[in-house]
file entry_7.pdb (PDB, C-alpha atoms, pLDDT in the B column)
ATOM      1  CA  MET V   1      91.962  15.546  52.036  1.00 78.00           C
ATOM      2  CA  SER V   2      89.069  14.677  54.331  1.00 93.00           C
ATOM      3  CA  LYS V   3      86.447  17.358  54.882  1.00 97.00           C
ATOM      4  CA  VAL V   4      85.397  15.832  58.209  1.00 97.00           C
ATOM      5  CA  TYR V   5      86.729  17.385  61.430  1.00 97.00           C
ATOM      6  CA  SER V   6      86.353  15.971  64.918  1.00 96.00           C
ATOM      7  CA  ASP V   7      84.797  19.067  66.479  1.00 96.00           C
ATOM      8  CA  ALA V   8      83.857  22.681  65.794  1.00 97.00           C
ATOM      9  CA  ARG V   9      86.980  24.148  67.379  1.00 97.00           C
ATOM     10  CA  THR V  10      89.211  22.049  65.136  1.00 97.00           C
ATOM     11  CA  ALA V  11      87.150  22.856  62.050  1.00 97.00           C
ATOM     12  CA  LEU V  12      87.565  26.589  62.628  1.00 98.00           C
ATOM     13  CA  ALA V  13      91.246  26.455  63.561  1.00 95.00           C
ATOM     14  CA  GLY V  14      93.273  28.832  61.412  1.00 94.00           C
ATOM     15  CA  VAL V  15      90.100  30.319  59.904  1.00 97.00           C
ATOM     16  CA  LEU V  16      88.849  32.850  62.428  1.00 98.00           C
ATOM     17  CA  LYS V  17      90.268  36.354  62.595  1.00 97.00           C
ATOM     18  CA  ASP V  18      89.217  39.711  63.975  1.00 98.00           C
ATOM     19  CA  GLY V  19      86.974  41.829  61.765  1.00 98.00           C
ATOM     20  CA  MET V  20      85.783  39.061  59.452  1.00 98.00           C
ATOM     21  CA  LEU V  21      82.315  38.781  57.908  1.00 98.00           C
ATOM     22  CA  ILE V  22      80.455  35.633  58.964  1.00 98.00           C
ATOM     23  CA  MET V  23      77.121  34.262  57.733  1.00 98.00           C
ATOM     24  CA  ALA V  24      75.238  32.159  60.279  1.00 98.00           C
ATOM     25  CA  GLY V  25      72.309  30.007  59.197  1.00 97.00           C
ATOM     26  CA  GLY V  26      69.105  29.586  61.141  1.00 95.00           C
ATOM     27  CA  PHE V  27      65.833  31.346  61.837  1.00 93.00           C
ATOM     28  CA  GLY V  28      65.333  32.199  65.478  1.00 88.00           C
ATOM     29  CA  LEU V  29      66.847  29.137  67.140  1.00 91.00           C
ATOM     30  CA  CYS V  30      65.723  26.752  64.390  1.00 93.00           C
ATOM     31  CA  GLY V  31      68.566  25.306  62.321  1.00 95.00           C
ATOM     32  CA  ILE V  32      71.321  27.347  63.955  1.00 96.00           C
ATOM     33  CA  PRO V  33      74.941  26.063  63.830  1.00 97.00           C
ATOM     34  CA  GLU V  34      75.203  26.061  67.615  1.00 96.00           C
ATOM     35  CA  SER V  35      78.449  24.147  68.077  1.00 97.00           C
ATOM     36  CA  LEU V  36      80.187  26.470  65.612  1.00 98.00           C
ATOM     37  CA  ILE V  37      78.825  29.554  67.392  1.00 98.00           C
ATOM     38  CA  HIS V  38      80.234  28.210  70.675  1.00 97.00           C
ATOM     39  CA  ALA V  39      83.608  27.657  69.000  1.00 98.00           C
ATOM     40  CA  ILE V  40      83.636  31.241  67.706  1.00 98.00           C
ATOM     41  CA  ARG V  41      82.881  32.474  71.205  1.00 98.00           C
ATOM     42  CA  GLU V  42      85.690  30.408  72.699  1.00 97.00           C
ATOM     43  CA  SER V  43      88.154  31.676  70.083  1.00 97.00           C
ATOM     44  CA  GLY V  44      87.840  35.246  71.344  1.00 97.00           C
ATOM     45  CA  VAL V  45      87.802  36.899  67.888  1.00 98.00           C
ATOM     46  CA  THR V  46      86.284  40.372  67.904  1.00 98.00           C
ATOM     47  CA  GLY V  47      84.987  43.075  65.589  1.00 98.00           C
ATOM     48  CA  LEU V  48      82.830  40.611  63.676  1.00 98.00           C
ATOM     49  CA  THR V  49      80.184  41.514  61.116  1.00 98.00           C
ATOM     50  CA  VAL V  50      77.527  38.794  61.203  1.00 98.00           C
ATOM     51  CA  VAL V  51      74.867  38.165  58.556  1.00 98.00           C
ATOM     52  CA  SER V  52      71.890  36.345  60.020  1.00 96.00           C
ATOM     53  CA  ASN V  53      68.116  36.665  59.861  1.00 93.00           C
ATOM     54  CA  ASN V  54      68.175  37.531  63.551  1.00 88.00           C
ATOM     55  CA  ALA V  55      70.571  37.464  66.489  1.00 87.00           C
ATOM     56  CA  GLY V  56      69.242  34.473  68.382  1.00 84.00           C
ATOM     57  CA  ILE V  57      67.819  35.250  71.817  1.00 86.00           C
ATOM     58  CA  ASP V  58      69.329  36.279  75.108  1.00 85.00           C
ATOM     59  CA  GLY V  59      71.624  33.470  76.225  1.00 87.00           C
ATOM     60  CA  ALA V  60      71.358  31.324  73.085  1.00 90.00           C
ATOM     61  CA  GLY V  61      72.449  31.320  69.456  1.00 91.00           C
ATOM     62  CA  LEU V  62      74.211  34.473  68.330  1.00 94.00           C
ATOM     63  CA  GLY V  63      73.097  36.039  71.592  1.00 93.00           C
ATOM     64  CA  LEU V  64      76.157  34.318  73.079  1.00 95.00           C
ATOM     65  CA  LEU V  65      78.449  36.416  70.887  1.00 96.00           C
ATOM     66  CA  LEU V  66      76.588  39.576  71.860  1.00 95.00           C
ATOM     67  CA  GLU V  67      77.221  38.746  75.523  1.00 95.00           C
ATOM     68  CA  THR V  68      80.961  38.779  74.902  1.00 96.00           C
ATOM     69  CA  LYS V  69      80.712  41.822  72.591  1.00 96.00           C
ATOM     70  CA  GLN V  70      82.468  39.970  69.770  1.00 97.00           C
ATOM     71  CA  ILE V  71      79.977  41.282  67.188  1.00 97.00           C
ATOM     72  CA  LYS V  72      80.536  44.803  65.887  1.00 97.00           C
ATOM     73  CA  LYS V  73      77.764  44.820  63.266  1.00 97.00           C
ATOM     74  CA  MET V  74      74.687  42.767  62.431  1.00 96.00           C
ATOM     75  CA  ILE V  75      73.191  42.535  58.929  1.00 97.00           C
ATOM     76  CA  SER V  76      69.739  41.215  59.770  1.00 95.00           C
ATOM     77  CA  SER V  77      66.028  41.206  59.129  1.00 93.00           C
ATOM     78  CA  TYR V  78      64.471  40.763  62.584  1.00 86.00           C
ATOM     79  CA  VAL V  79      65.992  41.170  66.029  1.00 78.00           C
ATOM     80  CA  GLY V  80      62.967  41.579  68.266  1.00 77.00           C
ATOM     81  CA  GLU V  81      63.609  38.549  70.504  1.00 79.00           C
ATOM     82  CA  ASN V  82      66.913  39.796  71.913  1.00 85.00           C
ATOM     83  CA  LYS V  83      66.921  42.431  74.664  1.00 89.00           C
ATOM     84  CA  LEU V  84      70.716  42.563  74.797  1.00 91.00           C
ATOM     85  CA  PHE V  85      70.783  43.352  71.088  1.00 90.00           C
ATOM     86  CA  ALA V  86      68.503  46.363  71.657  1.00 89.00           C
ATOM     87  CA  GLN V  87      70.521  47.533  74.647  1.00 92.00           C
ATOM     88  CA  GLN V  88      73.820  47.430  72.754  1.00 93.00           C
ATOM     89  CA  TYR V  89      72.325  49.169  69.730  1.00 91.00           C
ATOM     90  CA  LEU V  90      70.769  51.979  71.776  1.00 92.00           C
ATOM     91  CA  ALA V  91      74.055  52.397  73.660  1.00 94.00           C
ATOM     92  CA  GLY V  92      75.958  52.805  70.393  1.00 93.00           C
ATOM     93  CA  GLU V  93      77.902  49.580  70.947  1.00 94.00           C
ATOM     94  CA  LEU V  94      76.448  47.694  67.982  1.00 95.00           C
ATOM     95  CA  GLU V  95      75.833  48.658  64.359  1.00 96.00           C
ATOM     96  CA  ILE V  96      72.758  47.395  62.517  1.00 94.00           C
ATOM     97  CA  GLU V  97      72.065  47.097  58.815  1.00 95.00           C
ATOM     98  CA  PHE V  98      68.400  46.185  58.538  1.00 92.00           C
ATOM     99  CA  ASN V  99      67.099  44.374  55.456  1.00 95.00           C
ATOM    100  CA  PRO V 100      63.615  43.283  54.463  1.00 96.00           C
ATOM    101  CA  GLN V 101      63.645  39.510  54.903  1.00 96.00           C
ATOM    102  CA  GLY V 102      63.225  38.659  51.228  1.00 96.00           C
ATOM    103  CA  THR V 103      65.878  41.191  50.274  1.00 97.00           C
ATOM    104  CA  LEU V 104      68.302  39.670  52.781  1.00 98.00           C
ATOM    105  CA  ALA V 105      67.722  36.181  51.387  1.00 98.00           C
ATOM    106  CA  GLU V 106      68.190  37.426  47.817  1.00 98.00           C
ATOM    107  CA  ARG V 107      71.369  39.353  48.703  1.00 98.00           C
ATOM    108  CA  ILE V 108      72.829  36.122  50.057  1.00 98.00           C
ATOM    109  CA  ARG V 109      71.617  34.046  47.110  1.00 98.00           C
ATOM    110  CA  ALA V 110      73.027  36.615  44.697  1.00 98.00           C
ATOM    111  CA  GLY V 111      76.389  36.525  46.422  1.00 98.00           C
ATOM    112  CA  GLY V 112      76.500  32.755  46.115  1.00 98.00           C
ATOM    113  CA  ALA V 113      75.508  32.923  42.442  1.00 98.00           C
ATOM    114  CA  GLY V 114      78.164  35.492  41.553  1.00 97.00           C
ATOM    115  CA  ILE V 115      75.634  38.288  41.026  1.00 98.00           C
ATOM    116  CA  PRO V 116      77.078  41.558  42.387  1.00 98.00           C
ATOM    117  CA  ALA V 117      73.795  43.493  42.564  1.00 98.00           C
ATOM    118  CA  PHE V 118      70.095  43.424  41.678  1.00 98.00           C
ATOM    119  CA  PHE V 119      67.082  45.746  41.669  1.00 98.00           C
ATOM    120  CA  THR V 120      63.973  45.367  43.815  1.00 98.00           C
ATOM    121  CA  LYS V 121      60.813  47.358  44.590  1.00 97.00           C
ATOM    122  CA  THR V 122      61.018  46.419  48.254  1.00 97.00           C
ATOM    123  CA  GLY V 123      61.974  49.421  50.363  1.00 96.00           C
ATOM    124  CA  VAL V 124      61.319  52.092  47.741  1.00 97.00           C
ATOM    125  CA  GLY V 125      60.288  55.325  49.428  1.00 95.00           C
ATOM    126  CA  THR V 126      61.452  54.191  52.872  1.00 95.00           C
ATOM    127  CA  ALA V 127      64.612  54.552  54.966  1.00 93.00           C
ATOM    128  CA  ILE V 128      65.808  51.292  53.380  1.00 93.00           C
ATOM    129  CA  ALA V 129      66.309  53.171  50.089  1.00 96.00           C
ATOM    130  CA  GLU V 130      68.518  55.916  51.517  1.00 95.00           C
ATOM    131  CA  GLY V 131      71.836  56.184  49.695  1.00 95.00           C
ATOM    132  CA  LYS V 132      71.006  53.437  47.188  1.00 96.00           C
ATOM    133  CA  GLU V 133      70.891  53.710  43.422  1.00 97.00           C
ATOM    134  CA  VAL V 134      67.375  54.140  42.022  1.00 97.00           C
ATOM    135  CA  ARG V 135      66.256  53.038  38.549  1.00 97.00           C
ATOM    136  CA  HIS V 136      62.978  52.881  36.704  1.00 97.00           C
ATOM    137  CA  PHE V 137      61.844  49.839  34.742  1.00 97.00           C
ATOM    138  CA  GLU V 138      58.574  49.820  32.807  1.00 96.00           C
ATOM    139  CA  GLY V 139      57.242  52.724  34.817  1.00 96.00           C
ATOM    140  CA  GLU V 140      58.115  51.213  38.205  1.00 97.00           C
ATOM    141  CA  THR V 141      60.749  52.393  40.689  1.00 98.00           C
ATOM    142  CA  TYR V 142      63.417  50.031  41.972  1.00 98.00           C
ATOM    143  CA  ILE V 143      66.403  50.312  44.294  1.00 98.00           C
ATOM    144  CA  MET V 144      69.702  48.518  43.894  1.00 98.00           C
ATOM    145  CA  GLU V 145      70.820  45.998  46.510  1.00 98.00           C
ATOM    146  CA  ARG V 146      74.275  44.413  46.639  1.00 98.00           C
ATOM    147  CA  GLY V 147      74.971  40.695  46.852  1.00 98.00           C
ATOM    148  CA  ILE V 148      76.801  39.481  49.954  1.00 98.00           C
ATOM    149  CA  VAL V 149      79.780  37.118  50.056  1.00 98.00           C
ATOM    150  CA  ALA V 150      81.102  36.112  53.477  1.00 98.00           C
ATOM    151  CA  ASP V 151      84.595  35.250  54.607  1.00 98.00           C
ATOM    152  CA  LEU V 152      83.000  32.325  56.449  1.00 98.00           C
ATOM    153  CA  ALA V 153      79.569  30.690  56.307  1.00 98.00           C
ATOM    154  CA  ILE V 154      78.488  28.412  59.154  1.00 98.00           C
ATOM    155  CA  VAL V 155      75.422  26.234  58.593  1.00 98.00           C
ATOM    156  CA  HIS V 156      73.514  23.368  60.199  1.00 98.00           C
ATOM    157  CA  ALA V 157      72.212  20.316  58.321  1.00 98.00           C
ATOM    158  CA  TRP V 158      70.156  17.304  59.330  1.00 98.00           C
ATOM    159  CA  LYS V 159      72.160  14.894  57.186  1.00 98.00           C
ATOM    160  CA  GLY V 160      75.405  15.085  55.267  1.00 98.00           C
ATOM    161  CA  ASP V 161      77.995  12.816  53.731  1.00 97.00           C
ATOM    162  CA  ALA V 162      81.779  12.850  53.800  1.00 96.00           C
ATOM    163  CA  GLU V 163      81.876  14.828  50.545  1.00 97.00           C
ATOM    164  CA  GLY V 164      79.839  17.675  52.060  1.00 97.00           C
ATOM    165  CA  ASN V 165      76.506  17.000  50.348  1.00 98.00           C
ATOM    166  CA  LEU V 166      73.802  18.285  52.698  1.00 98.00           C
ATOM    167  CA  VAL V 167      70.134  17.659  53.438  1.00 98.00           C
ATOM    168  CA  TYR V 168      68.099  19.923  55.720  1.00 98.00           C
ATOM    169  CA  ARG V 169      65.010  18.964  57.694  1.00 96.00           C
ATOM    170  CA  LYS V 170      61.778  20.906  57.281  1.00 96.00           C
ATOM    171  CA  THR V 171      61.865  24.504  58.597  1.00 94.00           C
ATOM    172  CA  ALA V 172      65.453  24.081  59.817  1.00 95.00           C
ATOM    173  CA  ARG V 173      66.305  24.499  56.146  1.00 96.00           C
ATOM    174  CA  ASN V 174      65.559  28.280  56.225  1.00 96.00           C
ATOM    175  CA  PHE V 175      68.671  30.390  55.419  1.00 97.00           C
ATOM    176  CA  ASN V 176      71.159  27.510  55.516  1.00 98.00           C
ATOM    177  CA  PRO V 177      71.166  26.513  51.793  1.00 98.00           C
ATOM    178  CA  VAL V 178      71.719  30.014  50.424  1.00 98.00           C
ATOM    179  CA  MET V 179      74.372  30.802  53.007  1.00 98.00           C
ATOM    180  CA  ALA V 180      76.229  27.591  52.231  1.00 98.00           C
ATOM    181  CA  THR V 181      76.784  28.867  48.690  1.00 98.00           C
ATOM    182  CA  ALA V 182      77.837  32.392  49.698  1.00 98.00           C
ATOM    183  CA  GLY V 183      80.853  31.746  51.916  1.00 98.00           C
ATOM    184  CA  ARG V 184      84.431  31.800  50.688  1.00 98.00           C
ATOM    185  CA  LEU V 185      84.753  28.995  53.229  1.00 98.00           C
ATOM    186  CA  THR V 186      81.693  27.044  54.358  1.00 98.00           C
ATOM    187  CA  VAL V 187      81.678  24.891  57.488  1.00 98.00           C
ATOM    188  CA  ALA V 188      78.643  22.679  58.093  1.00 98.00           C
ATOM    189  CA  GLU V 189      77.675  20.934  61.296  1.00 98.00           C
ATOM    190  CA  VAL V 190      75.756  17.751  60.527  1.00 98.00           C
ATOM    191  CA  GLU V 191      73.463  15.727  62.796  1.00 98.00           C
ATOM    192  CA  ASN V 192      73.663  12.497  60.782  1.00 97.00           C
ATOM    193  CA  LEU V 193      76.959  11.950  58.968  1.00 97.00           C
ATOM    194  CA  VAL V 194      76.923   9.130  56.403  1.00 97.00           C
ATOM    195  CA  ALA V 195      79.385   7.745  53.892  1.00 96.00           C
ATOM    196  CA  ALA V 196      79.656   9.265  50.440  1.00 94.00           C
ATOM    197  CA  GLY V 197      77.034   7.804  48.114  1.00 94.00           C
ATOM    198  CA  GLU V 198      74.486   7.017  50.833  1.00 96.00           C
ATOM    199  CA  ILE V 199      72.327  10.071  50.128  1.00 98.00           C
ATOM    200  CA  GLU V 200      69.971   9.745  47.182  1.00 97.00           C
ATOM    201  CA  PRO V 201      71.242  12.331  44.673  1.00 97.00           C
ATOM    202  CA  ASP V 202      67.755  13.791  44.162  1.00 97.00           C
ATOM    203  CA  HIS V 203      67.528  14.439  47.917  1.00 97.00           C
ATOM    204  CA  ILE V 204      70.674  16.579  48.113  1.00 98.00           C
ATOM    205  CA  ILE V 205      69.912  20.253  48.731  1.00 98.00           C
ATOM    206  CA  THR V 206      73.443  21.665  49.017  1.00 98.00           C
ATOM    207  CA  PRO V 207      76.019  19.970  46.758  1.00 98.00           C
ATOM    208  CA  GLY V 208      79.325  19.177  48.427  1.00 98.00           C
ATOM    209  CA  ILE V 209      81.259  21.494  46.119  1.00 97.00           C
ATOM    210  CA  PHE V 210      80.053  24.390  48.294  1.00 98.00           C
ATOM    211  CA  VAL V 211      81.160  22.837  51.605  1.00 98.00           C
ATOM    212  CA  GLN V 212      84.799  22.695  52.651  1.00 98.00           C
ATOM    213  CA  ARG V 213      84.570  21.423  56.244  1.00 98.00           C
ATOM    214  CA  ILE V 214      82.129  19.196  58.148  1.00 98.00           C
ATOM    215  CA  VAL V 215      81.584  18.729  61.886  1.00 98.00           C
ATOM    216  CA  PRO V 216      79.478  15.804  63.188  1.00 97.00           C
ATOM    217  CA  VAL V 217      76.978  16.905  65.873  1.00 97.00           C
ATOM    218  CA  PRO V 218      74.949  13.743  66.596  1.00 95.00           C
ATOM    219  CA  ASP V 219      73.407  15.132  69.784  1.00 87.00           C
ATOM    220  CA  ALA V 220      72.646  18.655  68.621  1.00 88.00           C
ATOM    221  CA  PRO V 221      70.314  20.436  71.082  1.00 83.00           C
ATOM    222  CA  LYS V 222      66.896  21.514  69.824  1.00 83.00           C
ATOM    223  CA  HIS V 223      65.785  24.669  71.612  1.00 82.00           C
ATOM    224  CA  ILE V 224      62.180  25.802  71.800  1.00 79.00           C
ATOM    225  CA  GLU V 225      62.255  29.546  71.353  1.00 78.00           C
ATOM    226  CA  GLN V 226      58.724  30.220  72.584  1.00 78.00           C
ATOM    227  CA  ARG V 227      57.021  27.374  74.387  1.00 81.00           C
ATOM    228  CA  THR V 228      53.255  27.446  74.022  1.00 85.00           C
ATOM    229  CA  THR V 229      51.134  24.953  75.926  1.00 87.00           C
ATOM    230  CA  ARG V 230      47.490  24.364  76.782  1.00 88.00           C
ATOM    231  CA  PRO V 231      45.827  22.237  79.448  1.00 88.00           C
ATOM    232  CA  ARG V 232      45.024  18.666  78.494  1.00 86.00           C
ATOM    233  CA  PRO V 233      41.268  18.078  78.081  1.00 83.00           C
TER     234      PRO V 233
END

call {"tool": "encode", "arguments": {"input": "entry_7.pdb", "output": "structure tokens"}}
result
Amino acid sequence: MSKVYSDARTALAGVLKDGMLIMAGGFGLCGIPESLIHAIRESGVTGLTVVSNNAGIDGAGLGLLLETKQIKKMISSYVGENKLFAQQYLAGELEIEFNPQGTLAERIRAGGAGIPAFFTKTGVGTAIAEGKEVRHFEGETYIMERGIVADLAIVHAWKGDAEGNLVYRKTARNFNPVMATAGRLTVAEVENLVAAGEIEPDHIITPGIFVQRIVPVPDAPKHIEQRTTRPRP
């Protein structure tokens, strides 16, 4: 069966359901699976738990799902760019599970590698450690963190082939590769879709075995999260 779907809505048909756990690639607005986020919004599913480094910004990225209150809980590292996120959290409308950024990345990688838990020094002696198992190794204190496996992982790639092999471009790579491995179902939107065999094997970052569905997005928008300019000399 072909992995390629005509659009994001079709690719997610029969997949989305209330209360599911979704991983969404990207860092800020860089490398986000925007067409798939729009399709989730249009589907109307609610009660979602979303794993993402951050929650986009107001009016873009995962911020669109906060507007419609489809997200019940965020598992994130940084959310400082989104005022709506803060408002919903302070109003008790949104749950947050904060993670140090490296810990979040490792929890996702561990989930994709079949590792149920690991120990780390990060967070020892802080609120992050509350309620977590503590162990000592070679005189040092560590806390246990659990791997994460999602019902659905949505990622964005610069190039991909019909078998689902993916290549990411520069910093848009960010969380996408680890999340692609950690979804029970992974859907990738791809800017440049090529035939199988056209990508040099050594250039492949995510092997197609991890990707079940592909959506071509040849005109994917590229947002600038914080525009910084200076006068020309």

call {"tool": "atom_distance", "arguments": {"input": "entry_7.pdb", "atom1": "CA of Ser6 in chain V", "atom2": "CA of Glu191 in chain V"}}
result
13.1 Å

call {"tool": "atom_distance", "arguments": {"input": "entry_7.pdb", "atom1": "CA of Ala39 in chain V", "atom2": "CA of Arg9 in chain V"}}
result
5.1 Å

call {"tool": "resolve_selection", "arguments": {"input": "entry_7.pdb", "expression": "the PyMOL selection byres ((chain V and resi 33) around 7)", "output": "compact mmCIF listing (two decimals) with C-alpha atoms, in the coordinates of the input"}}
result
# COMPACT_ATOMS: atom_id res chain seq x y z
CA GLY V 25 72.31 30.01 59.20
CA GLY V 31 68.57 25.31 62.32
CA ILE V 32 71.32 27.35 63.96
CA GLU V 34 75.20 26.06 67.61
CA SER V 35 78.45 24.15 68.08
CA LEU V 36 80.19 26.47 65.61
CA ILE V 37 78.82 29.55 67.39
CA ILE V 154 78.49 28.41 59.15
CA VAL V 155 75.42 26.23 58.59
CA HIS V 156 73.51 23.37 60.20
CA GLU V 189 77.68 20.93 61.30

call {"tool": "closest_residue", "arguments": {"input": "entry_7.pdb", "among": "V:Asn174, V:Pro218, V:Thr141, V:Phe119", "to": "Ser52 in chain V", "atoms": "all atoms listed in the file"}}
result
V:Asn174

call {"tool": "closest_atom_pairs", "arguments": {"input": "entry_7.pdb", "of": "range 122-190 of chain V", "to": "range 111-114 of chain V", "cutoff": "9 Å", "atoms": "only C-alpha atoms", "output": "CSV"}}
result
residue,atom,partner,partner_atom,distance
V:Arg146,CA,V:Gly111,CA,8.2
V:Gly147,CA,V:Gly111,CA,4.4
V:Ile148,CA,V:Gly111,CA,4.6
V:Val149,CA,V:Gly111,CA,5.0
V:Ala150,CA,V:Gly111,CA,8.5
V:Val178,CA,V:Gly112,CA,7.0
V:Met179,CA,V:Gly112,CA,7.5
V:Ala180,CA,V:Gly112,CA,8.0
V:Thr181,CA,V:Gly112,CA,4.7
V:Ala182,CA,V:Gly112,CA,3.8
V:Gly183,CA,V:Gly112,CA,7.3

call {"tool": "atom_distance", "arguments": {"input": "entry_7.pdb", "atom1": "CA of Ala195 in chain V", "atom2": "CA of Arg169 in chain V"}}
result
18.6 Å

call {"tool": "closest_residue", "arguments": {"input": "entry_7.pdb", "among": "V:Leu90, V:Leu84, V:Val79, V:Leu166", "to": "Leu66 in chain V", "atoms": "only C-alpha atoms"}}
result
V:Leu84

call {"tool": "resolve_selection", "arguments": {"input": "entry_7.pdb", "expression": "the PyMOL selection byres ((chain V and resi 73) around 9)", "output": "MDAnalysis selection string"}}
result
chainID V and resid 47:51 71:72 74:75 94:97

call {"tool": "closest_residue", "arguments": {"input": "entry_7.pdb", "among": "V:Ala105, V:Ala172, V:Ala11, V:Leu152", "to": "Leu29 in chain V", "atoms": "only C-alpha atoms"}}
result
V:Ala172

call {"tool": "resolve_selection", "arguments": {"input": "entry_7.pdb", "expression": "the PyMOL selection byres ((chain V and resi 16) around 10)", "output": "ChimeraX atom specification"}}
result
/V:12-15,17-22,39-40,43-46,48,151-152

call {"tool": "residues_around", "arguments": {"input": "entry_7.pdb", "residues": "Ala157 in chain V", "least_positions_apart": "4", "cutoff": "6 Å", "atoms": "all atoms listed in the file", "output": "list in words"}}
result
Val167, Tyr168 and Val190 of chain V

call {"tool": "residues_near_point", "arguments": {"input": "entry_7.pdb", "point": "(79.3, 7.8, 59.3)", "cutoff": "10 Å", "atoms": "all atoms listed in the file", "output": "ChimeraX atom specification"}}
result
/V:160-162,192-196,198,216

call {"tool": "residues_around", "arguments": {"input": "entry_7.pdb", "residues": "Val4 in chain V", "least_positions_apart": "3", "cutoff": "7 Å", "atoms": "only C-alpha atoms", "output": "JSON, numbers by chain"}}
result
{"V": [162, 213, 214, 215]}

call {"tool": "axis_aligned_box", "arguments": {"input": "entry_7.pdb", "around": "range 6-17 of chain V", "padding_each_side": "6 Å", "output": "AutoDock Vina command-line options"}}
result
--center_x 88.6 --center_y 26.2 --center_z 63.6 --size_x 21.4 --size_y 32.4 --size_z 19.5

call {"tool": "closest_residue", "arguments": {"input": "entry_7.pdb", "among": "V:Trp158, V:Ile115, V:Asp58, V:Pro100", "to": "Lys170 in chain V", "atoms": "all atoms listed in the file"}}
result
V:Trp158
